[in-house]
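Asks: Structure incoming, see below.
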Amino acid sequence: MNKIFALLLFTLLFSCTDNTVMEAYDKIQKPGEVTIKGFSKPDVLQLRFNGVPVSINGNTSYTNQIETELDFVLDKGEANKLAIYNHETGSEIAKYNITYDNIDDYKTLYFFNLPGIFLQTYVEKPQVNFGKVGFEFIFPNLGEYSGTSLKEVKGILKRENGTVLAEFESIGKDRFTEVKIYNSFSASAPVFLELYKPGTTEPYAGTGLIQVKLKQHTGANLIVLQEKPENGTWVVRGDIDVSEYL
């Protein structure tokens, strides 16, 4: 009788173990790979993958160029969290939930972190010949204060006397425009960017002219446009020039 009971118990345990193993093998998986290309100055950052700090060249906090590659296994139905933190304050700057189904959206992850601005885009300083001035624009918080639902605007860059220097048909939230280049005419004179609805000469929000006063310098100017509240209304500023950090 004891032998029969022992045999039944062994069979039951083996069956449970076998089912557990089969469940593990039944998981649908595939390899995941994320290439990270970022930049931060002056803040020191830390990347965390599923809560664990990512080591880059033996360091778990980093500044300036931040480049690495993550290799891992993706289980269908489960999410992997990649987050970017300010290492000194501990505050979370950005997070990405990477899954079996959306991994293709994160094959390469770009970011550019500066005081007061975090860009999730690739940034490269364009080649501009001596004696020339080049401008590129990005508008990451378009609509935050103006309330517009537009994803992009048109820009016309002018001298103070109204002479048109360049036109930008599409200034959007996610990536810099192509560079537009003109001959340098003054090292100190400002230029003005007027912003319109795409394909029109109507202000992209409201009724008044939307004009941004900009400094210029020879070479590349990579300007981050920002809507900001000011004196009970909103304005657009272009105070951040990413080229100064490259």
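Residues in the structure tokens are numbered from 1 in each chain, the chains being A, B, ... in the order shown, and ligands are numbered from 1 in the order shown.
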With only C-alpha atoms counted and 8 Å as the cut-off, give the residues of stretch 217-237 of chain A in contact with stretch 115-128 of chain A, each with its shortest interatomic distance in Å and the pair that gives it, as JSON lines.
Replies:
```
{"residue": "A:Gly219", "atom": "CA", "partner": "A:Val128", "partner_atom": "CA", "distance": 5.2}
{"residue": "A:Ala220", "atom": "CA", "partner": "A:Val128", "partner_atom": "CA", "distance": 6.1}
{"residue": "A:Leu222", "atom": "CA", "partner": "A:Lys125", "partner_atom": "CA", "distance": 7.8}
```
Asks: Write the selection just made, keeping N, CA and C atoms, as a compact mmCIF listing (two decimals), in the first residue's frame?
Replies:
```
# COMPACT_ATOMS: atom_id res chain seq x y z
N GLY A 219 28.60 80.07 -39.45
CA GLY A 219 28.56 78.64 -39.17
C GLY A 219 27.13 78.19 -38.90
N ALA A 220 26.99 77.09 -38.20
CA ALA A 220 25.67 76.49 -37.97
C ALA A 220 24.99 77.07 -36.74
N LEU A 222 21.67 75.97 -34.60
CA LEU A 222 20.65 74.94 -34.42
C LEU A 222 19.71 75.40 -33.31
```
Asks: Report as number ranges by chain: the residues of stretch 88-234 of chain A with a DSSP assignment of strand (DSSP E or B), based on the backbone of this structure.
Replies: A: 92-99, 108-114, 117-119, 132-138, 152-158, 164-172, 180-183, 191-196, 203, 211-214, 219-230, 233-234
Asks: Would you mind telling me which residue in A:Phe185, A:Tyr204, A:Phe139, A:Tyr196 lies nearest to A:Arg237 when using only C-alpha atoms?
Replies: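 Among A:Phe185, A:Tyr204, A:Phe139, A:Tyr196, it is A:Phe139 that comes nearest to A:Arg237.
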Asks: Using only C-alpha atoms, determine which residues lie at most 12 Å from A:Asn102, disregarding the query and same-chain residues fewer than 2 positions distant; provide the list as an mmCIF file with C-alpha atoms, in the first residue's frame.
Replies:
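Listed below is the output, out_29.cif:
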```
data_model
loop_
_atom_site.group_PDB
_atom_site.id
_atom_site.type_symbol
_atom_site.label_atom_id
_atom_site.label_comp_id
_atom_site.auth_asym_id
_atom_site.auth_seq_id
_atom_site.Cartn_x
_atom_site.Cartn_y
_atom_site.Cartn_z
ATOM 1 C CA GLY A 32 15.843 42.635 -28.373
ATOM 2 C CA GLU A 33 18.491 45.164 -29.264
ATOM 3 C CA VAL A 34 18.423 48.920 -28.590
ATOM 4 C CA LEU A 74 11.740 39.951 -25.080
ATOM 5 C CA ASP A 75 8.857 37.852 -23.742
ATOM 6 C CA LYS A 76 5.545 38.343 -25.516
ATOM 7 C CA GLY A 77 3.084 40.078 -23.205
ATOM 8 C CA GLU A 78 5.734 41.571 -20.938
ATOM 9 C CA ALA A 79 7.200 45.091 -20.900
ATOM 10 C CA ASN A 80 10.783 46.189 -20.316
ATOM 11 C CA TYR A 96 10.275 53.986 -22.630
ATOM 12 C CA ASN A 97 8.199 50.806 -22.311
ATOM 13 C CA ILE A 98 9.718 48.323 -24.734
ATOM 14 C CA THR A 99 7.680 45.242 -25.648
ATOM 15 C CA TYR A 100 7.747 42.258 -27.986
ATOM 16 C CA ASP A 104 11.103 48.049 -33.886
ATOM 17 C CA ASP A 105 10.206 51.563 -32.676
ATOM 18 C CA TYR A 106 13.242 51.529 -30.381
ATOM 19 C CA LYS A 107 15.964 50.052 -32.568
#
```
Asks: Would you mind listing what lies within 10 Å of A:Gly51 as a count of residues only, with only C-alpha atoms counted and same-chain residues fewer than 5 positions away left out?
Replies: 4
Asks: Could you tell me which of A:Ile156, A:Ile181, A:Leu246, A:Val224 comes closest to A:Phe137 if we count only C-alpha atoms?
Replies: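 Nearest candidate to A:Phe137 out of A:Ile156, A:Ile181, A:Leu246, A:Val224: A:Val224.
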Asks: Using Å and a single decimal, report how far atom CA of A:Asp43 sits from atom CA of A:Tyr145.
Replies: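 Atom CA of A:Tyr145 sits 26.6 Å away from atom CA of A:Asp43.
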Asks: Which residues come within 12 Å of A:Gly38, counting only C-alpha atoms, excluding same-chain residues fewer than 3 positions away, as an MDAnalysis selection string?
Replies: chainID A and resid 35 41 44:47 62:69 84 108:114 118:124
Asks: Let me make sure I understand: among A:Ile171, A:Ala187, A:Ile103, A:Leu225, which one has the smallest atom-to-atom distance to A:Val73 if we use only C-alpha atoms?
Replies: A:Ile103
Asks: Neighbours of A:Gly199 within 9 Å (only C-alpha atoms; same-chain residues fewer than 4 positions away dropped), as a tab-separated table (two decimals) with all heavy atoms, in the first residue's frame?
Replies:
```tsv
chain	number	residue	atom	x	y	z
A	153	VAL	N	4.92	74.06	-38.44
A	153	VAL	CA	4.63	75.43	-38.90
A	153	VAL	C	5.60	75.80	-40.01
A	153	VAL	O	6.63	75.15	-40.20
A	153	VAL	CB	4.74	76.45	-37.74
A	153	VAL	CG1	3.70	76.18	-36.67
A	153	VAL	CG2	6.15	76.44	-37.14
A	154	LYS	N	5.24	76.86	-40.72
A	154	LYS	CA	6.15	77.41	-41.74
A	154	LYS	C	6.93	78.57	-41.13
A	154	LYS	O	6.40	79.34	-40.33
A	154	LYS	CB	5.36	77.90	-42.95
A	154	LYS	CG	6.25	78.40	-44.09
A	154	LYS	CD	5.43	78.79	-45.32
A	154	LYS	CE	4.87	80.17	-45.21
A	154	LYS	NZ	4.28	80.65	-46.49
A	169	GLU	N	9.63	75.33	-44.92
A	169	GLU	CA	8.24	74.92	-45.16
A	169	GLU	C	7.67	74.11	-44.01
A	169	GLU	O	6.45	74.13	-43.78
A	169	GLU	CB	8.15	74.12	-46.46
A	169	GLU	CG	8.41	74.95	-47.71
A	169	GLU	CD	7.41	76.09	-47.87
A	169	GLU	OE1	6.22	75.91	-47.50
A	169	GLU	OE2	7.81	77.18	-48.32
```
Asks: Using only C-alpha atoms, determine which residues lie at most 8 Å from A:Asn221, disregarding the query and same-chain residues fewer than 5 positions distant; provide the list as an MDAnalysis selection string.
Replies: chainID A and resid 133:136 216 241:243
Asks: Using only C-alpha atoms, pick whichever of A:Pro229, A:Pro42, A:Pro190, A:Pro53 has the shortest atom-to-atom distance to A:Val212.
Replies: A:Pro190
Asks: Hey, which of A:Ile28, A:Gln226, A:Gly131, A:Glu88 ends up closest to A:Ser186? Count only C-alpha atoms.
Replies: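 Looking at the shortest contact to A:Ser186, the residue is A:Gly131.
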Asks: Take atom CA of A:Ser61 and atom CA of A:Arg48 and report the distance between them in Å, one decimal.
Replies: 10.1 Å
Asks: What separation in Å, quoted to one decimal, exists between atom CA of A:Gly162 and atom CA of A:Ile240?
Replies: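 Atom CA of A:Ile240 lies at a distance of 23.6 Å from atom CA of A:Gly162.
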